[in-house]
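With PDB, C-alpha atoms, pLDDT in the B column inside, this is work_21.pdb:
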```
ATOM      1  CA  MET N 180      87.328 -80.514 -22.173  1.00 53.00           C
ATOM      2  CA  LYS N 181      87.974 -79.040 -25.649  1.00 51.00           C
ATOM      3  CA  ASN N 182      85.531 -81.538 -27.152  1.00 53.00           C
ATOM      4  CA  LEU N 183      82.912 -80.612 -24.543  1.00 49.00           C
ATOM      5  CA  LYS N 184      83.288 -76.937 -25.417  1.00 50.00           C
ATOM      6  CA  LYS N 185      82.827 -77.770 -29.091  1.00 51.00           C
ATOM      7  CA  VAL N 186      79.628 -79.669 -28.306  1.00 44.00           C
ATOM      8  CA  PHE N 187      78.248 -76.720 -26.315  1.00 50.00           C
ATOM      9  CA  LEU N 188      79.201 -74.346 -29.138  1.00 47.00           C
ATOM     10  CA  ILE N 189      77.409 -76.499 -31.714  1.00 49.00           C
ATOM     11  CA  ILE N 190      74.302 -76.641 -29.497  1.00 48.00           C
ATOM     12  CA  ILE N 191      74.286 -72.851 -29.026  1.00 47.00           C
ATOM     13  CA  ILE N 192      74.756 -72.211 -32.763  1.00 47.00           C
ATOM     14  CA  SER N 193      72.018 -74.722 -33.636  1.00 49.00           C
ATOM     15  CA  PHE N 194      69.612 -73.182 -31.133  1.00 46.00           C
ATOM     16  CA  SER N 195      70.326 -69.682 -32.477  1.00 49.00           C
ATOM     17  CA  PHE N 196      69.631 -70.864 -36.020  1.00 46.00           C
ATOM     18  CA  ILE N 197      66.331 -72.524 -35.022  1.00 45.00           C
ATOM     19  CA  SER N 198      65.125 -69.580 -32.932  1.00 47.00           C
ATOM     20  CA  SER N 199      65.977 -67.097 -35.698  1.00 47.00           C
ATOM     21  CA  LYS N 200      63.751 -68.900 -38.204  1.00 49.00           C
ATOM     22  CA  PRO N 201      60.620 -66.827 -38.917  1.00 51.00           C
ATOM     23  CA  LEU N 202      57.444 -68.445 -37.645  1.00 55.00           C
ATOM     24  CA  GLU N 203      55.001 -69.460 -40.334  1.00 58.00           C
ATOM     25  CA  PRO N 204      51.697 -67.574 -40.077  1.00 59.00           C
ATOM     26  CA  LYS N 205      48.836 -69.594 -38.638  1.00 69.00           C
ATOM     27  CA  LYS N 206      46.552 -70.971 -41.304  1.00 81.00           C
ATOM     28  CA  ILE N 207      42.940 -69.865 -40.921  1.00 89.00           C
ATOM     29  CA  ASN N 208      40.445 -72.735 -41.115  1.00 95.00           C
ATOM     30  CA  ILE N 209      36.887 -72.012 -42.241  1.00 97.00           C
ATOM     31  CA  VAL N 210      33.891 -74.299 -42.639  1.00 98.00           C
ATOM     32  CA  ILE N 211      31.406 -73.230 -45.312  1.00 98.00           C
ATOM     33  CA  ASP N 212      28.108 -75.007 -44.789  1.00 98.00           C
ATOM     34  CA  ALA N 213      25.825 -75.224 -47.804  1.00 98.00           C
ATOM     35  CA  SER N 214      22.430 -75.748 -46.215  1.00 97.00           C
ATOM     36  CA  HIS N 215      19.887 -78.417 -47.193  1.00 98.00           C
ATOM     37  CA  GLY N 216      20.724 -80.927 -49.982  1.00 98.00           C
ATOM     38  CA  GLY N 217      19.409 -84.224 -51.278  1.00 97.00           C
ATOM     39  CA  ASN N 218      15.696 -84.623 -50.556  1.00 97.00           C
ATOM     40  CA  ASP N 219      15.762 -81.413 -48.492  1.00 98.00           C
ATOM     41  CA  PHE N 220      15.206 -78.681 -51.080  1.00 98.00           C
ATOM     42  CA  GLY N 221      14.887 -75.730 -48.723  1.00 98.00           C
ATOM     43  CA  VAL N 222      13.005 -72.781 -50.208  1.00 97.00           C
ATOM     44  CA  ILE N 223      11.484 -73.490 -53.637  1.00 97.00           C
ATOM     45  CA  SER N 224      10.341 -70.978 -56.228  1.00 94.00           C
ATOM     46  CA  ASN N 225       9.140 -72.612 -59.438  1.00 91.00           C
ATOM     47  CA  SER N 226      12.049 -74.936 -60.300  1.00 93.00           C
ATOM     48  CA  ILE N 227      14.630 -72.890 -58.376  1.00 96.00           C
ATOM     49  CA  THR N 228      15.717 -74.303 -55.026  1.00 98.00           C
ATOM     50  CA  GLU N 229      17.659 -73.010 -52.063  1.00 98.00           C
ATOM     51  CA  LYS N 230      19.874 -76.105 -52.017  1.00 98.00           C
ATOM     52  CA  GLN N 231      21.073 -75.410 -55.589  1.00 97.00           C
ATOM     53  CA  ILE N 232      21.837 -71.746 -54.987  1.00 98.00           C
ATOM     54  CA  VAL N 233      23.861 -72.254 -51.803  1.00 98.00           C
ATOM     55  CA  GLU N 234      25.762 -75.190 -53.308  1.00 98.00           C
ATOM     56  CA  GLN N 235      26.718 -73.066 -56.331  1.00 97.00           C
ATOM     57  CA  VAL N 236      27.883 -70.155 -54.156  1.00 97.00           C
ATOM     58  CA  THR N 237      29.771 -72.469 -51.789  1.00 97.00           C
ATOM     59  CA  ASN N 238      31.712 -74.114 -54.603  1.00 96.00           C
ATOM     60  CA  LYS N 239      32.540 -70.699 -56.057  1.00 96.00           C
ATOM     61  CA  ILE N 240      33.989 -69.622 -52.688  1.00 96.00           C
ATOM     62  CA  LYS N 241      36.085 -72.781 -52.548  1.00 94.00           C
ATOM     63  CA  SER N 242      37.459 -72.237 -56.056  1.00 92.00           C
ATOM     64  CA  LEU N 243      38.363 -68.600 -55.370  1.00 89.00           C
ATOM     65  CA  ASN N 244      40.255 -68.946 -52.118  1.00 70.00           C
ATOM     66  CA  SER N 245      43.830 -70.065 -51.585  1.00 68.00           C
ATOM     67  CA  ASN N 246      44.853 -68.063 -48.508  1.00 78.00           C
ATOM     68  CA  VAL N 247      42.811 -70.044 -46.006  1.00 91.00           C
ATOM     69  CA  VAL N 248      41.897 -73.685 -45.522  1.00 94.00           C
ATOM     70  CA  ILE N 249      38.255 -74.139 -46.514  1.00 95.00           C
ATOM     71  CA  HIS N 250      36.252 -77.188 -45.490  1.00 97.00           C
ATOM     72  CA  LEU N 251      32.824 -77.826 -47.010  1.00 97.00           C
ATOM     73  CA  THR N 252      30.098 -79.735 -45.197  1.00 98.00           C
ATOM     74  CA  ARG N 253      28.895 -80.676 -48.679  1.00 96.00           C
ATOM     75  CA  SER N 254      30.064 -79.877 -52.211  1.00 93.00           C
ATOM     76  CA  ASP N 255      27.360 -81.803 -54.065  1.00 96.00           C
ATOM     77  CA  ASP N 256      23.660 -82.590 -53.748  1.00 97.00           C
ATOM     78  CA  THR N 257      23.945 -84.666 -50.577  1.00 96.00           C
ATOM     79  CA  PHE N 258      21.598 -84.616 -47.591  1.00 97.00           C
ATOM     80  CA  LEU N 259      23.300 -84.132 -44.223  1.00 97.00           C
ATOM     81  CA  SER N 260      21.498 -83.995 -40.898  1.00 97.00           C
ATOM     82  CA  TYR N 261      22.158 -81.153 -38.463  1.00 97.00           C
ATOM     83  CA  GLU N 262      24.005 -83.639 -36.247  1.00 98.00           C
ATOM     84  CA  GLU N 263      26.278 -84.726 -39.106  1.00 98.00           C
ATOM     85  CA  ARG N 264      27.065 -81.122 -39.946  1.00 98.00           C
ATOM     86  CA  THR N 265      27.960 -80.138 -36.378  1.00 98.00           C
ATOM     87  CA  ASP N 266      29.938 -83.353 -35.821  1.00 98.00           C
ATOM     88  CA  PHE N 267      31.974 -82.478 -38.923  1.00 98.00           C
ATOM     89  CA  ILE N 268      32.496 -78.918 -37.649  1.00 98.00           C
ATOM     90  CA  ASN N 269      33.452 -79.908 -34.112  1.00 98.00           C
ATOM     91  CA  LYS N 270      36.007 -82.468 -35.305  1.00 98.00           C
ATOM     92  CA  ILE N 271      37.769 -79.813 -37.374  1.00 96.00           C
ATOM     93  CA  LYS N 272      37.418 -77.000 -34.794  1.00 97.00           C
ATOM     94  CA  PRO N 273      37.692 -74.232 -37.423  1.00 97.00           C
ATOM     95  CA  ASP N 274      38.125 -70.532 -36.709  1.00 97.00           C
ATOM     96  CA  LEU N 275      34.672 -69.832 -38.121  1.00 98.00           C
ATOM     97  CA  VAL N 276      31.569 -71.474 -39.566  1.00 98.00           C
ATOM     98  CA  LEU N 277      29.546 -69.698 -42.232  1.00 98.00           C
ATOM     99  CA  SER N 278      26.263 -71.453 -42.979  1.00 98.00           C
ATOM    100  CA  LEU N 279      24.685 -70.230 -46.215  1.00 98.00           C
ATOM    101  CA  HIS N 280      20.921 -70.069 -46.701  1.00 98.00           C
ATOM    102  CA  VAL N 281      18.254 -68.433 -48.854  1.00 98.00           C
ATOM    103  CA  ASN N 282      15.211 -66.866 -47.226  1.00 97.00           C
ATOM    104  CA  SER N 283      11.463 -66.788 -47.898  1.00 97.00           C
ATOM    105  CA  SER N 284       8.474 -64.756 -46.759  1.00 96.00           C
ATOM    106  CA  LEU N 285       4.717 -64.692 -47.277  1.00 96.00           C
ATOM    107  CA  ASN N 286       5.213 -61.009 -48.060  1.00 97.00           C
ATOM    108  CA  ASN N 287       6.901 -60.923 -51.480  1.00 96.00           C
ATOM    109  CA  LYS N 288       8.119 -57.380 -50.807  1.00 96.00           C
ATOM    110  CA  THR N 289      10.410 -58.578 -48.013  1.00 96.00           C
ATOM    111  CA  SER N 290      14.004 -58.607 -49.235  1.00 96.00           C
ATOM    112  CA  GLY N 291      17.635 -58.359 -48.274  1.00 95.00           C
ATOM    113  CA  LEU N 292      20.540 -60.119 -46.633  1.00 96.00           C
ATOM    114  CA  GLU N 293      20.265 -61.200 -43.002  1.00 97.00           C
ATOM    115  CA  PHE N 294      22.821 -62.511 -40.521  1.00 98.00           C
ATOM    116  CA  TYR N 295      22.078 -64.750 -37.543  1.00 98.00           C
ATOM    117  CA  VAL N 296      24.096 -65.564 -34.439  1.00 98.00           C
ATOM    118  CA  ALA N 297      23.073 -67.412 -31.265  1.00 97.00           C
ATOM    119  CA  LYS N 298      23.094 -65.635 -27.898  1.00 96.00           C
ATOM    120  CA  GLU N 299      22.896 -69.010 -26.168  1.00 91.00           C
ATOM    121  CA  THR N 300      26.545 -69.919 -26.840  1.00 95.00           C
ATOM    122  CA  GLU N 301      29.871 -68.884 -25.346  1.00 96.00           C
ATOM    123  CA  PHE N 302      30.930 -67.738 -28.822  1.00 97.00           C
ATOM    124  CA  PHE N 303      28.150 -65.163 -29.155  1.00 97.00           C
ATOM    125  CA  GLU N 304      30.362 -62.066 -28.821  1.00 97.00           C
ATOM    126  CA  LYS N 305      32.922 -63.304 -31.348  1.00 97.00           C
ATOM    127  CA  SER N 306      30.198 -64.511 -33.744  1.00 98.00           C
ATOM    128  CA  ASN N 307      28.417 -61.167 -33.457  1.00 98.00           C
ATOM    129  CA  GLU N 308      31.651 -59.271 -34.114  1.00 97.00           C
ATOM    130  CA  ILE N 309      32.358 -61.353 -37.228  1.00 98.00           C
ATOM    131  CA  ALA N 310      28.761 -60.978 -38.451  1.00 98.00           C
ATOM    132  CA  GLY N 311      29.077 -57.201 -38.089  1.00 97.00           C
ATOM    133  CA  LYS N 312      32.266 -57.099 -40.146  1.00 97.00           C
ATOM    134  CA  LEU N 313      30.792 -59.388 -42.805  1.00 97.00           C
ATOM    135  CA  GLN N 314      27.702 -57.185 -42.943  1.00 96.00           C
ATOM    136  CA  ASP N 315      29.925 -54.143 -43.512  1.00 96.00           C
ATOM    137  CA  LYS N 316      31.732 -56.015 -46.292  1.00 96.00           C
ATOM    138  CA  PHE N 317      28.464 -56.833 -48.073  1.00 95.00           C
ATOM    139  CA  SER N 318      27.149 -53.288 -47.656  1.00 93.00           C
ATOM    140  CA  LYS N 319      30.161 -52.064 -49.672  1.00 92.00           C
ATOM    141  CA  ASP N 320      29.999 -54.801 -52.312  1.00 90.00           C
ATOM    142  CA  THR N 321      26.281 -55.059 -53.084  1.00 85.00           C
ATOM    143  CA  ASN N 322      23.260 -52.834 -53.627  1.00 83.00           C
ATOM    144  CA  LEU N 323      21.046 -55.401 -51.941  1.00 85.00           C
ATOM    145  CA  LYS N 324      19.265 -54.335 -48.770  1.00 90.00           C
ATOM    146  CA  ILE N 325      21.059 -55.335 -45.547  1.00 93.00           C
ATOM    147  CA  SER N 326      18.539 -56.343 -42.904  1.00 90.00           C
ATOM    148  CA  GLY N 327      21.002 -56.576 -40.026  1.00 90.00           C
ATOM    149  CA  ILE N 328      22.127 -59.114 -37.433  1.00 97.00           C
ATOM    150  CA  LYS N 329      19.526 -61.132 -35.559  1.00 97.00           C
ATOM    151  CA  ASN N 330      19.512 -63.681 -32.782  1.00 96.00           C
ATOM    152  CA  GLY N 331      18.777 -67.153 -34.090  1.00 94.00           C
ATOM    153  CA  PRO N 332      18.817 -70.139 -31.720  1.00 92.00           C
ATOM    154  CA  PHE N 333      19.370 -72.487 -34.664  1.00 97.00           C
ATOM    155  CA  TYR N 334      20.917 -75.924 -34.215  1.00 97.00           C
ATOM    156  CA  ILE N 335      24.121 -75.315 -36.157  1.00 97.00           C
ATOM    157  CA  LEU N 336      24.749 -72.066 -34.273  1.00 98.00           C
ATOM    158  CA  LYS N 337      24.050 -73.517 -30.842  1.00 97.00           C
ATOM    159  CA  ARG N 338      25.888 -76.832 -31.313  1.00 97.00           C
ATOM    160  CA  SER N 339      29.045 -75.617 -33.083  1.00 98.00           C
ATOM    161  CA  ASP N 340      31.914 -75.305 -30.601  1.00 97.00           C
ATOM    162  CA  VAL N 341      33.349 -72.335 -32.510  1.00 98.00           C
ATOM    163  CA  PRO N 342      32.104 -68.924 -33.725  1.00 98.00           C
ATOM    164  CA  ALA N 343      29.306 -69.454 -36.250  1.00 98.00           C
ATOM    165  CA  VAL N 344      27.175 -67.180 -38.445  1.00 98.00           C
ATOM    166  CA  ILE N 345      24.197 -67.998 -40.632  1.00 98.00           C
ATOM    167  CA  VAL N 346      24.053 -65.847 -43.772  1.00 98.00           C
ATOM    168  CA  GLU N 347      20.673 -65.527 -45.471  1.00 98.00           C
ATOM    169  CA  LEU N 348      21.728 -64.406 -48.958  1.00 97.00           C
ATOM    170  CA  GLY N 349      18.356 -62.982 -49.976  1.00 97.00           C
ATOM    171  CA  TYR N 350      14.674 -63.826 -50.405  1.00 97.00           C
ATOM    172  CA  LEU N 351      13.739 -66.249 -53.143  1.00 97.00           C
ATOM    173  CA  THR N 352      10.153 -65.032 -52.728  1.00 97.00           C
ATOM    174  CA  ASN N 353      11.179 -61.513 -53.780  1.00 96.00           C
ATOM    175  CA  GLU N 354      11.587 -61.006 -57.533  1.00 96.00           C
ATOM    176  CA  ASN N 355      14.564 -58.646 -57.297  1.00 95.00           C
ATOM    177  CA  ASP N 356      16.360 -60.873 -54.817  1.00 96.00           C
ATOM    178  CA  LYS N 357      15.591 -63.939 -56.928  1.00 97.00           C
ATOM    179  CA  LYS N 358      17.173 -62.391 -60.041  1.00 96.00           C
ATOM    180  CA  TYR N 359      20.229 -61.563 -57.955  1.00 95.00           C
ATOM    181  CA  LEU N 360      20.464 -65.037 -56.396  1.00 97.00           C
ATOM    182  CA  ILE N 361      20.237 -67.033 -59.628  1.00 97.00           C
ATOM    183  CA  ASP N 362      22.463 -64.782 -61.744  1.00 97.00           C
ATOM    184  CA  ASP N 363      25.908 -66.332 -62.230  1.00 97.00           C
ATOM    185  CA  LYS N 364      27.720 -62.983 -62.148  1.00 96.00           C
ATOM    186  CA  GLU N 365      25.940 -61.966 -58.932  1.00 95.00           C
ATOM    187  CA  GLN N 366      26.783 -65.330 -57.377  1.00 96.00           C
ATOM    188  CA  ASN N 367      30.408 -64.675 -58.291  1.00 96.00           C
ATOM    189  CA  LYS N 368      30.192 -61.326 -56.477  1.00 95.00           C
ATOM    190  CA  ILE N 369      28.740 -62.994 -53.374  1.00 95.00           C
ATOM    191  CA  ALA N 370      31.503 -65.604 -53.435  1.00 96.00           C
ATOM    192  CA  LYS N 371      34.164 -62.929 -53.978  1.00 95.00           C
ATOM    193  CA  SER N 372      32.893 -60.871 -51.021  1.00 95.00           C
ATOM    194  CA  ILE N 373      32.963 -63.873 -48.692  1.00 96.00           C
ATOM    195  CA  SER N 374      36.314 -65.074 -50.040  1.00 94.00           C
ATOM    196  CA  GLU N 375      37.929 -61.663 -49.533  1.00 94.00           C
ATOM    197  CA  PHE N 376      36.430 -61.397 -46.061  1.00 95.00           C
ATOM    198  CA  ILE N 377      37.763 -64.721 -44.814  1.00 94.00           C
ATOM    199  CA  SER N 378      41.139 -64.101 -46.461  1.00 91.00           C
ATOM    200  CA  GLU N 379      41.522 -60.996 -44.309  1.00 89.00           C
ATOM    201  CA  MET N 380      40.721 -62.791 -41.042  1.00 85.00           C
ATOM    202  CA  LYS N 381      43.571 -62.859 -38.521  1.00 68.00           C
TER     203      LYS N 381
END
```

Structure rendered as structure tokens:
Amino acid sequence: MKNLKKVFLIIIISFSFISSKPLEPKKINIVIDASHGGNDFGVISNSITEKQIVEQVTNKIKSLNSNVVIHLTRSDDTFLSYEERTDFINKIKPDLVLSLHVNSSLNNKTSGLEFYVAKETEFFEKSNEIAGKLQDKFSKDTNLKISGIKNGPFYILKRSDVPAVIVELGYLTNENDKKYLIDDKEQNKIAKSISEFISEMK
């Protein structure tokens, strides 16, 4: 009987020790999707391409962040189909997908950052909420025009089984935006804004 009591006491003490251990905070997982790549150049202005700009910004985000787990759909000049991108995303099941793009317009006066979410998915409300907060973050960190949040029934938004936002970082067809997009210091600012934003996600 004494031995049985000792066993129960050890179990109770062990359980108390385990239950008193502080729980580790949940790691946030983010997928950063650098659009285009390989033989898909995206927007082109002279020798400047969308695929180069978004790859540079994406790699800067990755190098800056240590508080969250960042997965990249691509980190080099590789072509990935939409299906390959969404398959990658849906296997990981991250907390958020940010797909980075550069815009273009026939009107070279059109400028600014734009954010797209898809109303056609069950994650619309959460995606829209995140896009709004990211928009607020950029409005504080940059002098670039913010053109708001728009509905975009794009493949990566509709087929990702998690909240997803497309970020159009500016217009390569606008001279002011172009200077901003290709400047290394400005790219660092973009990366810093996104890095800080995802670091603060709960």

- Task: Give the answer as one residue: which of N:Lys324, N:Lys206, N:Lys298, N:Lys241 has the shortest atom-to-atom distance to Pro273 in chain N, using only C-alpha atoms?
- Result: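 Checking each candidate against Pro273 in chain N, we get N:Lys206 as the closest.
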
- Given the file shown, determine the residues that the PyMOL selection byres ((chain N and resi 325-338) around 9) selects; report them as a VMD selection string. chain N and resid 261 to 262 264 to 266 269 276 278 290 to 300 307 310 to 311 314 317 to 318 322 to 324 339 to 345

Taking C-alpha atoms for each residue, export the selection above as an mmCIF file, in the coordinates of the input.
```
data_model
loop_
_atom_site.group_PDB
_atom_site.id
_atom_site.type_symbol
_atom_site.label_atom_id
_atom_site.label_comp_id
_atom_site.auth_asym_id
_atom_site.auth_seq_id
_atom_site.Cartn_x
_atom_site.Cartn_y
_atom_site.Cartn_z
ATOM 1 C CA TYR N 261 22.158 -81.153 -38.463
ATOM 2 C CA GLU N 262 24.005 -83.639 -36.247
ATOM 3 C CA ARG N 264 27.065 -81.122 -39.946
ATOM 4 C CA THR N 265 27.960 -80.138 -36.378
ATOM 5 C CA ASP N 266 29.938 -83.353 -35.821
ATOM 6 C CA ASN N 269 33.452 -79.908 -34.112
ATOM 7 C CA VAL N 276 31.569 -71.474 -39.566
ATOM 8 C CA SER N 278 26.263 -71.453 -42.979
ATOM 9 C CA SER N 290 14.004 -58.607 -49.235
ATOM 10 C CA GLY N 291 17.635 -58.359 -48.274
ATOM 11 C CA LEU N 292 20.540 -60.119 -46.633
ATOM 12 C CA GLU N 293 20.265 -61.200 -43.002
ATOM 13 C CA PHE N 294 22.821 -62.511 -40.521
ATOM 14 C CA TYR N 295 22.078 -64.750 -37.543
ATOM 15 C CA VAL N 296 24.096 -65.564 -34.439
ATOM 16 C CA ALA N 297 23.073 -67.412 -31.265
ATOM 17 C CA LYS N 298 23.094 -65.635 -27.898
ATOM 18 C CA GLU N 299 22.896 -69.010 -26.168
ATOM 19 C CA THR N 300 26.545 -69.919 -26.840
ATOM 20 C CA ASN N 307 28.417 -61.167 -33.457
ATOM 21 C CA ALA N 310 28.761 -60.978 -38.451
ATOM 22 C CA GLY N 311 29.077 -57.201 -38.089
ATOM 23 C CA GLN N 314 27.702 -57.185 -42.943
ATOM 24 C CA PHE N 317 28.464 -56.833 -48.073
ATOM 25 C CA SER N 318 27.149 -53.288 -47.656
ATOM 26 C CA ASN N 322 23.260 -52.834 -53.627
ATOM 27 C CA LEU N 323 21.046 -55.401 -51.941
ATOM 28 C CA LYS N 324 19.265 -54.335 -48.770
ATOM 29 C CA SER N 339 29.045 -75.617 -33.083
ATOM 30 C CA ASP N 340 31.914 -75.305 -30.601
ATOM 31 C CA VAL N 341 33.349 -72.335 -32.510
ATOM 32 C CA PRO N 342 32.104 -68.924 -33.725
ATOM 33 C CA ALA N 343 29.306 -69.454 -36.250
ATOM 34 C CA VAL N 344 27.175 -67.180 -38.445
ATOM 35 C CA ILE N 345 24.197 -67.998 -40.632
#
```

- Task: Can you work out the spacing between CA of Ile361 in chain N and CA of Val222 in chain N in Å, to one decimal?
- Result: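 The value is 13.2 Å.
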
- Atom-to-atom span, CA of Ile227 in chain N and CA of Leu259 in chain N, Å: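 It comes out at 20.0 Å.
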
- For CA of Ile223 in chain N and CA of Leu360 in chain N, the interatomic separation in Å (one decimal):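 Computing the Euclidean distance for CA of Ile223 in chain N and CA of Leu360 in chain N yields 12.6 Å.
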
- If you apply the PyMOL selection byres ((chain N and resi 246) around 9) to this file, what residues do you get, as a list in words?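 Output of the PyMOL selection byres ((chain N and resi 246) around 9): Lys206, Ile207, Asn244, Ser245, Val247, Val248, Ile377, Ser378 and Glu379 of chain N.
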
- Chain and number of each residue from the PyMOL selection byres ((chain N and resi 372) around 10), as an MDAnalysis selection string: chainID N and resid 240 313 316:317 319:321 366:371 373:378
